[in-house]
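Colleague: What follows is final_18.cif, made up of mmCIF, C-alpha atoms and all ligand atoms:
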data_final
#
loop_
_atom_site.label_atom_id
_atom_site.label_comp_id
_atom_site.auth_asym_id
_atom_site.auth_seq_id
_atom_site.Cartn_x
_atom_site.Cartn_y
_atom_site.Cartn_z
CA MET A 248 -57.76 -37.55 -96.49
CA VAL A 249 -61.25 -37.28 -97.93
CA GLU A 250 -61.68 -41.07 -98.07
CA HIS A 251 -60.67 -41.22 -94.40
CA LEU A 252 -63.27 -38.56 -93.51
CA ARG A 253 -65.95 -40.53 -95.28
CA GLN A 254 -65.09 -44.03 -94.14
CA HIS A 255 -63.61 -43.52 -90.69
CA HIS A 256 -65.57 -40.50 -89.48
CA GLY A 257 -68.83 -41.00 -91.35
CA ILE A 258 -68.85 -37.60 -93.06
CA ARG A 259 -71.60 -38.05 -95.63
CA ASP A 260 -72.40 -34.59 -97.00
CA ALA A 261 -71.19 -34.73 -100.62
CA ARG A 262 -70.74 -30.95 -100.88
CA VAL A 263 -68.56 -30.93 -97.75
CA LEU A 264 -66.44 -33.81 -99.04
CA ALA A 265 -66.03 -32.05 -102.40
CA ALA A 266 -65.00 -28.78 -100.72
CA MET A 267 -62.43 -30.64 -98.60
CA ARG A 268 -61.09 -32.27 -101.75
CA GLU A 269 -60.77 -28.93 -103.54
CA VAL A 270 -59.12 -26.73 -100.91
CA PRO A 271 -55.34 -27.41 -100.75
CA ARG A 272 -54.67 -27.75 -96.99
CA HIS A 273 -50.89 -27.72 -97.45
CA TYR A 274 -51.22 -24.12 -98.56
CA PHE A 275 -52.42 -23.14 -95.05
CA VAL A 276 -49.76 -24.84 -92.89
CA PRO A 277 -46.16 -23.75 -92.19
CA GLU A 278 -43.72 -24.87 -94.86
CA ALA A 279 -41.87 -27.27 -92.56
CA LEU A 280 -45.10 -29.17 -91.85
CA GLN A 281 -46.46 -29.34 -95.37
CA GLY A 282 -45.61 -33.04 -95.62
CA ASN A 283 -48.18 -33.67 -92.85
CA ALA A 284 -50.88 -31.43 -94.28
CA TYR A 285 -53.20 -34.26 -95.34
CA GLY A 286 -53.03 -36.28 -92.14
CA ASP A 287 -56.09 -36.08 -89.90
CA HIS A 288 -54.65 -33.91 -87.15
CA ALA A 289 -54.43 -30.31 -86.02
CA LEU A 290 -51.08 -28.65 -86.69
CA PRO A 291 -49.38 -25.61 -85.16
CA ILE A 292 -49.51 -22.33 -87.09
CA ALA A 293 -48.10 -18.89 -86.18
CA ALA A 294 -48.80 -17.09 -82.88
CA ASN A 295 -49.27 -20.33 -80.87
CA GLN A 296 -52.53 -21.17 -82.63
CA THR A 297 -53.52 -24.28 -84.58
CA ILE A 298 -55.09 -25.20 -87.90
CA SER A 299 -58.05 -27.42 -86.99
CA GLN A 300 -58.07 -31.17 -87.60
CA PRO A 301 -59.65 -31.97 -91.02
CA TYR A 302 -62.30 -34.14 -89.34
CA ILE A 303 -63.50 -31.28 -87.15
CA VAL A 304 -63.54 -28.86 -90.11
CA ALA A 305 -65.70 -31.32 -92.05
CA ARG A 306 -67.96 -32.10 -89.09
CA MET A 307 -68.60 -28.45 -88.21
CA SER A 308 -69.20 -27.60 -91.87
CA GLU A 309 -71.69 -30.46 -92.14
CA LEU A 310 -73.54 -29.35 -88.99
CA LEU A 311 -74.01 -25.86 -90.46
CA GLU A 312 -76.13 -27.31 -93.35
CA LEU A 313 -75.01 -24.69 -95.87
CA ASP A 314 -76.18 -24.03 -99.40
CA GLY A 315 -74.93 -21.67 -102.07
CA ASP A 316 -77.02 -18.78 -100.72
CA SER A 317 -76.03 -19.05 -97.05
CA SER A 318 -74.34 -16.17 -95.28
CA VAL A 319 -71.84 -17.40 -92.70
CA LEU A 320 -70.02 -15.73 -89.83
CA GLU A 321 -66.79 -17.43 -88.74
CA ILE A 322 -64.94 -16.59 -85.52
CA GLY A 323 -61.29 -17.61 -85.31
CA ALA A 324 -60.15 -17.70 -88.95
CA GLY A 325 -56.61 -18.72 -87.92
CA SER A 326 -54.85 -20.03 -91.02
CA GLY A 327 -57.89 -19.35 -93.23
CA TYR A 328 -58.36 -23.03 -94.05
CA GLN A 329 -61.84 -23.39 -92.59
CA THR A 330 -62.73 -20.03 -94.18
CA ALA A 331 -61.78 -21.38 -97.62
CA VAL A 332 -63.83 -24.55 -97.09
CA LEU A 333 -66.87 -22.52 -95.97
CA ALA A 334 -66.50 -20.21 -98.98
CA ARG A 335 -66.93 -23.25 -101.26
CA LEU A 336 -70.14 -24.22 -99.48
CA ALA A 337 -71.84 -20.87 -98.84
CA GLY A 338 -72.75 -17.67 -100.64
CA ARG A 339 -70.75 -15.34 -98.43
CA VAL A 340 -68.33 -15.81 -95.51
CA LEU A 341 -67.46 -13.07 -93.03
CA ALA A 342 -64.50 -14.22 -90.94
CA ILE A 343 -62.96 -12.67 -87.84
CA GLU A 344 -59.52 -13.32 -86.33
CA ARG A 345 -58.23 -11.48 -83.27
CA ILE A 346 -54.51 -11.82 -84.11
CA SER A 347 -53.77 -9.29 -86.85
CA GLU A 348 -50.87 -11.15 -88.47
CA LEU A 349 -52.99 -14.31 -88.83
CA ALA A 350 -55.92 -12.31 -90.23
CA ARG A 351 -53.69 -10.66 -92.82
CA VAL A 352 -52.07 -13.90 -93.96
CA ALA A 353 -55.42 -15.75 -94.04
CA GLN A 354 -56.97 -13.05 -96.22
CA SER A 355 -54.05 -13.06 -98.67
CA ARG A 356 -54.10 -16.87 -99.00
CA ILE A 357 -57.80 -16.78 -99.74
CA ARG A 358 -57.32 -14.15 -102.45
CA ALA A 359 -54.42 -16.13 -103.91
CA LEU A 360 -56.77 -19.11 -104.29
CA ASN A 361 -59.19 -16.86 -106.24
CA ILE A 362 -61.86 -17.02 -103.55
CA TYR A 363 -63.82 -13.77 -103.67
CA ASN A 364 -66.79 -14.46 -101.40
CA ALA A 365 -64.84 -14.47 -98.11
CA THR A 366 -63.53 -11.52 -96.10
CA VAL A 367 -61.24 -11.77 -93.05
CA LYS A 368 -61.09 -8.88 -90.57
CA CYS A 369 -59.24 -8.44 -87.29
CA PHE A 370 -61.26 -7.75 -84.14
CA ASP A 371 -62.93 -9.50 -81.19
CA GLY A 372 -65.29 -12.03 -82.77
CA THR A 373 -67.22 -12.62 -79.54
CA LEU A 374 -68.99 -9.36 -80.43
CA GLY A 375 -70.16 -10.82 -83.74
CA TRP A 376 -70.23 -8.66 -86.87
CA SER A 377 -73.48 -6.75 -86.73
CA ALA A 378 -73.08 -4.92 -90.05
CA HIS A 379 -73.79 -8.14 -92.00
CA ALA A 380 -76.18 -9.81 -89.52
CA PRO A 381 -78.33 -11.83 -89.29
CA TYR A 382 -76.54 -14.97 -90.48
CA ASP A 383 -77.78 -18.33 -91.71
CA ALA A 384 -74.85 -19.97 -89.96
CA ILE A 385 -72.20 -19.09 -87.39
CA LEU A 386 -69.06 -21.13 -86.62
CA ALA A 387 -66.57 -20.46 -83.83
CA ALA A 388 -63.28 -22.36 -84.04
CA ALA A 389 -62.19 -21.47 -80.51
CA GLY A 390 -63.72 -22.64 -77.23
CA GLY A 391 -65.44 -20.35 -74.73
CA PRO A 392 -67.26 -20.76 -71.39
CA GLU A 393 -70.64 -20.17 -73.09
CA VAL A 394 -71.99 -19.18 -76.50
CA PRO A 395 -71.48 -15.38 -76.68
CA GLU A 396 -74.79 -13.50 -76.41
CA PRO A 397 -74.13 -11.31 -79.51
CA LEU A 398 -73.68 -14.44 -81.65
CA MET A 399 -77.03 -15.84 -80.49
CA ALA A 400 -78.65 -12.51 -81.38
CA GLN A 401 -77.05 -12.39 -84.85
CA LEU A 402 -78.39 -15.80 -85.88
CA LYS A 403 -81.40 -15.86 -88.23
CA VAL A 404 -84.53 -17.74 -87.21
CA GLY A 405 -83.85 -21.18 -88.71
CA GLY A 406 -80.09 -20.53 -88.50
CA ARG A 407 -77.41 -22.88 -87.09
CA LEU A 408 -74.47 -22.06 -84.80
CA VAL A 409 -71.63 -24.51 -84.05
CA MET A 410 -69.02 -23.90 -81.38
CA PRO A 411 -66.92 -25.62 -78.68
CA VAL A 412 -68.23 -24.78 -75.20
CA GLY A 413 -66.81 -25.73 -71.81
CA GLU A 414 -66.65 -24.38 -68.28
CA ARG A 415 -63.03 -25.49 -68.32
CA ARG A 416 -60.71 -24.99 -71.23
CA ASP A 417 -59.79 -28.67 -71.26
CA ALA A 418 -63.34 -30.03 -71.10
CA GLN A 419 -65.13 -28.79 -74.19
CA ARG A 420 -68.22 -30.10 -75.97
CA LEU A 421 -69.09 -29.36 -79.57
CA VAL A 422 -72.44 -27.60 -79.32
CA ARG A 423 -74.95 -26.81 -82.05
CA VAL A 424 -77.61 -24.17 -81.44
CA ILE A 425 -80.57 -23.88 -83.81
CA ARG A 426 -82.70 -20.77 -83.59
CA ASN A 427 -86.40 -21.40 -84.09
CA ALA A 428 -89.50 -19.22 -83.83
CA ASP A 429 -89.79 -19.83 -80.07
CA GLY A 430 -86.17 -19.55 -79.06
CA TYR A 431 -83.09 -21.75 -79.29
CA ALA A 432 -82.61 -25.52 -79.37
CA ARG A 433 -79.27 -26.89 -78.23
CA GLU A 434 -77.58 -30.18 -79.19
CA ASP A 435 -74.40 -31.85 -77.92
CA HIS A 436 -72.10 -33.28 -80.59
CA GLY A 437 -69.39 -34.78 -78.40
CA ALA A 438 -66.06 -33.92 -76.83
CA CYS A 439 -63.57 -31.66 -78.59
CA ALA A 440 -60.41 -29.64 -77.90
CA PHE A 441 -59.90 -26.15 -79.32
CA VAL A 442 -57.69 -23.19 -78.45
CA PRO A 443 -59.43 -20.65 -76.16
CA LEU A 444 -61.87 -18.04 -77.41
CA ILE A 445 -60.47 -14.84 -75.96
CA GLY A 446 -62.58 -11.70 -75.81
CA ARG A 447 -65.33 -9.73 -74.16
CA TYR A 448 -67.78 -12.68 -74.21
CA GLY A 449 -65.11 -15.37 -74.03
CA TRP A 450 -62.15 -16.05 -71.74
CA SER A 451 -60.04 -13.16 -70.54
CA GLU A 452 -56.48 -13.06 -71.82
CA GLN A 453 -54.84 -13.96 -68.47
CA THR A 454 -56.75 -17.11 -67.55
N1 LIG A 501 -60.28 -22.95 -88.26
C1 LIG A 501 -58.99 -22.34 -87.99
C2 LIG A 501 -58.67 -22.55 -86.54
C3 LIG A 501 -57.77 -21.55 -85.95
S1 LIG A 501 -57.51 -21.74 -84.22
C4 LIG A 501 -57.99 -23.02 -88.91
O1 LIG A 501 -58.29 -24.12 -89.35
O2 LIG A 501 -56.91 -22.48 -89.14
C5 LIG A 501 -58.67 -20.58 -83.57
C6 LIG A 501 -58.39 -19.13 -83.82
O3 LIG A 501 -59.32 -18.39 -83.06
C7 LIG A 501 -57.00 -18.65 -83.38
O4 LIG A 501 -56.32 -18.16 -84.50
C8 LIG A 501 -57.31 -17.53 -82.39
O5 LIG A 501 -56.44 -16.41 -82.51
C9 LIG A 501 -58.73 -17.14 -82.78
N2 LIG A 501 -59.52 -16.45 -81.76
C10 LIG A 501 -59.59 -16.70 -80.43
N3 LIG A 501 -60.45 -15.85 -79.85
C11 LIG A 501 -60.96 -15.04 -80.83
C12 LIG A 501 -61.90 -13.95 -80.87
N4 LIG A 501 -62.49 -13.50 -79.76
N5 LIG A 501 -62.16 -13.38 -82.07
C13 LIG A 501 -61.57 -13.81 -83.19
N6 LIG A 501 -60.67 -14.81 -83.22
C14 LIG A 501 -60.37 -15.43 -82.06
#
How would this structure read if it were set down as structure tokens?
Modeller:
Amino acid sequence: MVEHLRQHHGIRDARVLAAMREVPRHYFVPEALQGNAYGDHALPIAANQTISQPYIVARMSELLELDGDSSVLEIGAGSGYQTAVLARLAGRVLAIERISELARVAQSRIRALNIYNATVKCFDGTLGWSAHAPYDAILAAAGGPEVPEPLMAQLKVGGRLVMPVGERRDAQRLVRVIRNADGYAREDHGACAFVPLIGRYGWSEQT
């Protein structure tokens, strides 16, 4: 899987590749699908959600430009896989998941892997997590109509935010926002397809 990320997708960051090598992805997918855990595709998990494709996990991690002191906010912990990868790359990871059963299982998997610098809590991540703000990096693994205002506000000057954004759920772009002294710079990193970001500053549950 890691060779494929490097050769086929051009993932170059050695720390990201090492983290992807170290975190056992099969541990985060349903038992029946464990044989497919190291293929480069998203897979279904509980509650109609998905574990992200390895390529997108690597790409988003790379775009966050983390080091061992970074504090990271993650929205949409899902299986906890991306959380575990981020925990290898950063100093501290605060992760939010709106579905309580997923949040509970993600947290227990992370503890079972002896990862102690990541915490998963259950609430609406579009509000951010102000108690630990500001963050060096913010990652949302679910797609919304725009970057939620509270997340922009909780980013440090110099910080990076990566998230899928699209006016329609089926037309998302991977967006990176960098906060600088004068405001925010925005980059487009191509098409992507994520489950919807549901919450106060995301999509409403019905749509
Ligand atoms: N990176 C995760 C991807 C999980 S899919 C993994 O690899 O497993 C995205 C997750 O975002 C889903 O579990 C969904 O429940 C969650 N989500 C959607 N809207 C959210 C919100 N407002 N706050 C927190 N989590 C949210």
Colleague: Using only C-alpha atoms and all ligand atoms, pick whichever of A:Asp383, A:Asp371, A:Asp435, A:Asp429 has the shortest atom-to-atom distance to ligand LIG 501 (chain A).
Modeller: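 That would be A:Asp371, the residue with the smallest distance to ligand LIG 501 (chain A).
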Colleague: List all protein, DNA and RNA residues that have an atom no more than 6 Å from any atom of ligand LIG 501 (chain A), counting all atoms listed in the file, and report them as an mmCIF file with C-alpha atoms, keeping the file's coordinate frame.
Modeller:
data_model
loop_
_atom_site.group_PDB
_atom_site.id
_atom_site.type_symbol
_atom_site.label_atom_id
_atom_site.label_comp_id
_atom_site.auth_asym_id
_atom_site.auth_seq_id
_atom_site.Cartn_x
_atom_site.Cartn_y
_atom_site.Cartn_z
ATOM 1 C CA GLN A 296 -52.530 -21.170 -82.630
ATOM 2 C CA THR A 297 -53.520 -24.280 -84.580
ATOM 3 C CA ILE A 298 -55.090 -25.200 -87.900
ATOM 4 C CA SER A 299 -58.050 -27.420 -86.990
ATOM 5 C CA ILE A 322 -64.940 -16.590 -85.520
ATOM 6 C CA GLY A 323 -61.290 -17.610 -85.310
ATOM 7 C CA ALA A 324 -60.150 -17.700 -88.950
ATOM 8 C CA GLY A 325 -56.610 -18.720 -87.920
ATOM 9 C CA SER A 326 -54.850 -20.030 -91.020
ATOM 10 C CA GLY A 327 -57.890 -19.350 -93.230
ATOM 11 C CA TYR A 328 -58.360 -23.030 -94.050
ATOM 12 C CA GLN A 329 -61.840 -23.390 -92.590
ATOM 13 C CA ILE A 343 -62.960 -12.670 -87.840
ATOM 14 C CA GLU A 344 -59.520 -13.320 -86.330
ATOM 15 C CA ARG A 345 -58.230 -11.480 -83.270
ATOM 16 C CA ILE A 346 -54.510 -11.820 -84.110
ATOM 17 C CA ASP A 371 -62.930 -9.500 -81.190
ATOM 18 C CA GLY A 372 -65.290 -12.030 -82.770
ATOM 19 C CA THR A 373 -67.220 -12.620 -79.540
ATOM 20 C CA ALA A 388 -63.280 -22.360 -84.040
ATOM 21 C CA ALA A 389 -62.190 -21.470 -80.510
ATOM 22 C CA VAL A 442 -57.690 -23.190 -78.450
ATOM 23 C CA PRO A 443 -59.430 -20.650 -76.160
ATOM 24 C CA LEU A 444 -61.870 -18.040 -77.410
ATOM 25 C CA ILE A 445 -60.470 -14.840 -75.960
ATOM 26 C CA GLY A 446 -62.580 -11.700 -75.810
#
Colleague: May I have the protein, DNA and RNA residues with any atom at most 12 Å from the point (-62.2, -33.5, -94.9), counting only C-alpha atoms, written as a VMD selection string?
Modeller: chain A and resid 248 to 272 284 to 288 299 to 309 328 to 329 332 to 333
Colleague: Identify the residues around (-72.0, -28.1, -79.9) within a radius of 8 Å, measuring from only C-alpha atoms in the coordinates stated by the file, and give them as a list in words.
Modeller: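 Residues lying no farther than 8 Å from the given point: Val409, Met410, Pro411, Val412, Arg420, Leu421, Val422, Arg423, Val424, Arg433, Glu434, Asp435, His436 and Gly437 of chain A.
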Colleague: Rounded to one decimal in Å, what is the spacing between CA of Leu374 (chain A) and CA of Leu386 (chain A)?
Modeller: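 Interatomic distance here is 13.3 Å.
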Colleague: Distance CA of Ile292 (chain A)-CA of Ala279 (chain A), one decimal place?
Modeller: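 About the pair CA of Ile292 (chain A) and CA of Ala279 (chain A): they are 10.6 Å apart.
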Colleague: How big is the axis-aligned box around the listed atoms of region 313-326 of chain A once 5 Å is added on each side, and where is its centre? Give both in Å to one decimal, as JSON.
Modeller:
{"center_x": -65.9, "center_y": -20.2, "center_z": -93.7, "size_x": 32.2, "size_y": 19.0, "size_z": 26.8}
Colleague: For Ala428 (chain A), which residue out of A:Val404, A:Ala353, A:Ala440, A:Leu310 is the nearest one, using only C-alpha atoms?
Modeller: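 The closest residue to Ala428 (chain A) is A:Val404.
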Colleague: Quick one, how far is CA of Ala334 (chain A) from CA of Asn364 (chain A)?
Modeller: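 Computing it gives 6.2 Å between the two atoms.
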Colleague: Measuring atom to atom with all atoms listed in the file, identify which of A:Ile425, A:Ala378, A:Ala387, A:Ala331 is nearest to Arg358 (chain A).
Modeller: A:Ala331
Colleague: Quick one: of A:Tyr382, A:Trp450, A:Gln401, A:Asn283, who's nearest to Gly413 (chain A), counting all atoms listed in the file?
Modeller: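 The answer is A:Trp450, which sits nearest to Gly413 (chain A).
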Colleague: In terms of the shortest atom-to-atom distance over all atoms listed in the file, which of A:Gly390, A:Pro397, A:Gly449, A:Gly315 is closest to Val340 (chain A)?
Modeller: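 For Val340 (chain A), the nearest of the given residues is A:Gly315.
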Colleague: Point out the residue among A:Ile357, A:Asn427, A:Ala294, A:Leu313 with the least atom-to-atom distance to Phe275 (chain A), counting all atoms listed in the file.
Modeller: A:Ile357
Colleague: Quick one: region 340-351 of chain A with all heavy atoms, as a CSV table (one decimal), in the frame of the given file?
Modeller:
chain,number,residue,atom,x,y,z
A,340,VAL,N,-68.9,-15.5,-96.8
A,340,VAL,CA,-68.3,-15.8,-95.5
A,340,VAL,C,-67.7,-14.6,-95.0
A,340,VAL,O,-66.8,-13.9,-95.6
A,340,VAL,CB,-67.3,-16.9,-95.6
A,340,VAL,CG1,-66.7,-17.3,-94.3
A,340,VAL,CG2,-67.8,-18.2,-96.3
A,341,LEU,N,-68.1,-14.2,-93.7
A,341,LEU,CA,-67.5,-13.1,-93.0
A,341,LEU,C,-66.7,-13.7,-91.9
A,341,LEU,O,-67.2,-14.4,-91.0
A,341,LEU,CB,-68.5,-12.1,-92.4
A,341,LEU,CG,-69.3,-11.2,-93.4
A,341,LEU,CD1,-68.3,-10.4,-94.3
A,341,LEU,CD2,-70.3,-11.9,-94.2
A,342,ALA,N,-65.3,-13.5,-91.9
A,342,ALA,CA,-64.5,-14.2,-90.9
A,342,ALA,C,-63.8,-13.2,-90.1
A,342,ALA,O,-63.3,-12.2,-90.6
A,342,ALA,CB,-63.5,-15.1,-91.7
A,343,ILE,N,-63.6,-13.5,-88.8
A,343,ILE,CA,-63.0,-12.7,-87.8
A,343,ILE,C,-61.8,-13.4,-87.2
A,343,ILE,O,-61.9,-14.6,-86.8
A,343,ILE,CB,-63.9,-12.2,-86.7
A,343,ILE,CG1,-65.3,-11.7,-87.3
A,343,ILE,CG2,-63.3,-11.1,-85.9
A,343,ILE,CD1,-66.3,-11.4,-86.3
A,344,GLU,N,-60.7,-12.7,-87.0
A,344,GLU,CA,-59.5,-13.3,-86.3
A,344,GLU,C,-58.9,-12.2,-85.5
A,344,GLU,O,-58.7,-11.1,-85.9
A,344,GLU,CB,-58.5,-13.8,-87.4
A,344,GLU,CG,-57.2,-14.2,-86.8
A,344,GLU,CD,-57.2,-15.2,-85.7
A,344,GLU,OE1,-57.8,-16.3,-85.8
A,344,GLU,OE2,-56.6,-14.9,-84.6
A,345,ARG,N,-58.7,-12.5,-84.2
A,345,ARG,CA,-58.2,-11.5,-83.3
A,345,ARG,C,-56.7,-11.2,-83.4
A,345,ARG,O,-56.3,-10.1,-82.9
A,345,ARG,CB,-58.6,-11.8,-81.8
A,345,ARG,CG,-57.9,-13.0,-81.2
A,345,ARG,CD,-58.3,-13.2,-79.8
A,345,ARG,NE,-57.7,-12.3,-78.8
A,345,ARG,CZ,-56.5,-12.6,-78.3
A,345,ARG,NH1,-55.8,-13.7,-78.6
A,345,ARG,NH2,-55.9,-11.7,-77.4
A,346,ILE,N,-56.0,-12.1,-84.0
A,346,ILE,CA,-54.5,-11.8,-84.1
A,346,ILE,C,-54.3,-11.3,-85.5
A,346,ILE,O,-54.5,-11.9,-86.5
A,346,ILE,CB,-53.7,-13.1,-83.9
A,346,ILE,CG1,-54.0,-13.6,-82.4
A,346,ILE,CG2,-52.2,-12.9,-84.1
A,346,ILE,CD1,-53.4,-14.9,-82.1
A,347,SER,N,-53.8,-10.0,-85.6
A,347,SER,CA,-53.8,-9.3,-86.8
A,347,SER,C,-52.9,-10.0,-87.9
A,347,SER,O,-53.3,-10.0,-89.1
A,347,SER,CB,-53.3,-7.8,-86.7
A,347,SER,OG,-52.1,-7.8,-86.1
A,348,GLU,N,-51.8,-10.5,-87.5
A,348,GLU,CA,-50.9,-11.2,-88.5
A,348,GLU,C,-51.6,-12.4,-89.1
A,348,GLU,O,-51.5,-12.6,-90.3
A,348,GLU,CB,-49.6,-11.6,-87.8
A,348,GLU,CG,-48.6,-12.3,-88.6
A,348,GLU,CD,-48.1,-11.5,-89.8
A,348,GLU,OE1,-48.4,-10.2,-89.9
A,348,GLU,OE2,-47.4,-12.0,-90.7
A,349,LEU,N,-52.3,-13.2,-88.3
A,349,LEU,CA,-53.0,-14.3,-88.8
A,349,LEU,C,-54.1,-13.9,-89.8
A,349,LEU,O,-54.3,-14.4,-90.8
A,349,LEU,CB,-53.6,-15.2,-87.7
A,349,LEU,CG,-52.6,-15.9,-86.8
A,349,LEU,CD1,-53.4,-16.7,-85.7
A,349,LEU,CD2,-51.7,-16.8,-87.6
A,350,ALA,N,-54.8,-12.8,-89.4
A,350,ALA,CA,-55.9,-12.3,-90.2
A,350,ALA,C,-55.4,-11.9,-91.6
A,350,ALA,O,-56.0,-12.2,-92.6
A,350,ALA,CB,-56.6,-11.2,-89.5
A,351,ARG,N,-54.3,-11.2,-91.6
A,351,ARG,CA,-53.7,-10.7,-92.8
A,351,ARG,C,-53.3,-11.8,-93.7
A,351,ARG,O,-53.6,-11.8,-94.9
A,351,ARG,CB,-52.5,-9.8,-92.5
A,351,ARG,CG,-52.0,-8.9,-93.6
A,351,ARG,CD,-50.8,-8.1,-93.1
A,351,ARG,NE,-49.6,-9.0,-92.7
A,351,ARG,CZ,-48.9,-9.7,-93.6
A,351,ARG,NH1,-49.2,-9.7,-94.8
A,351,ARG,NH2,-47.9,-10.5,-93.1
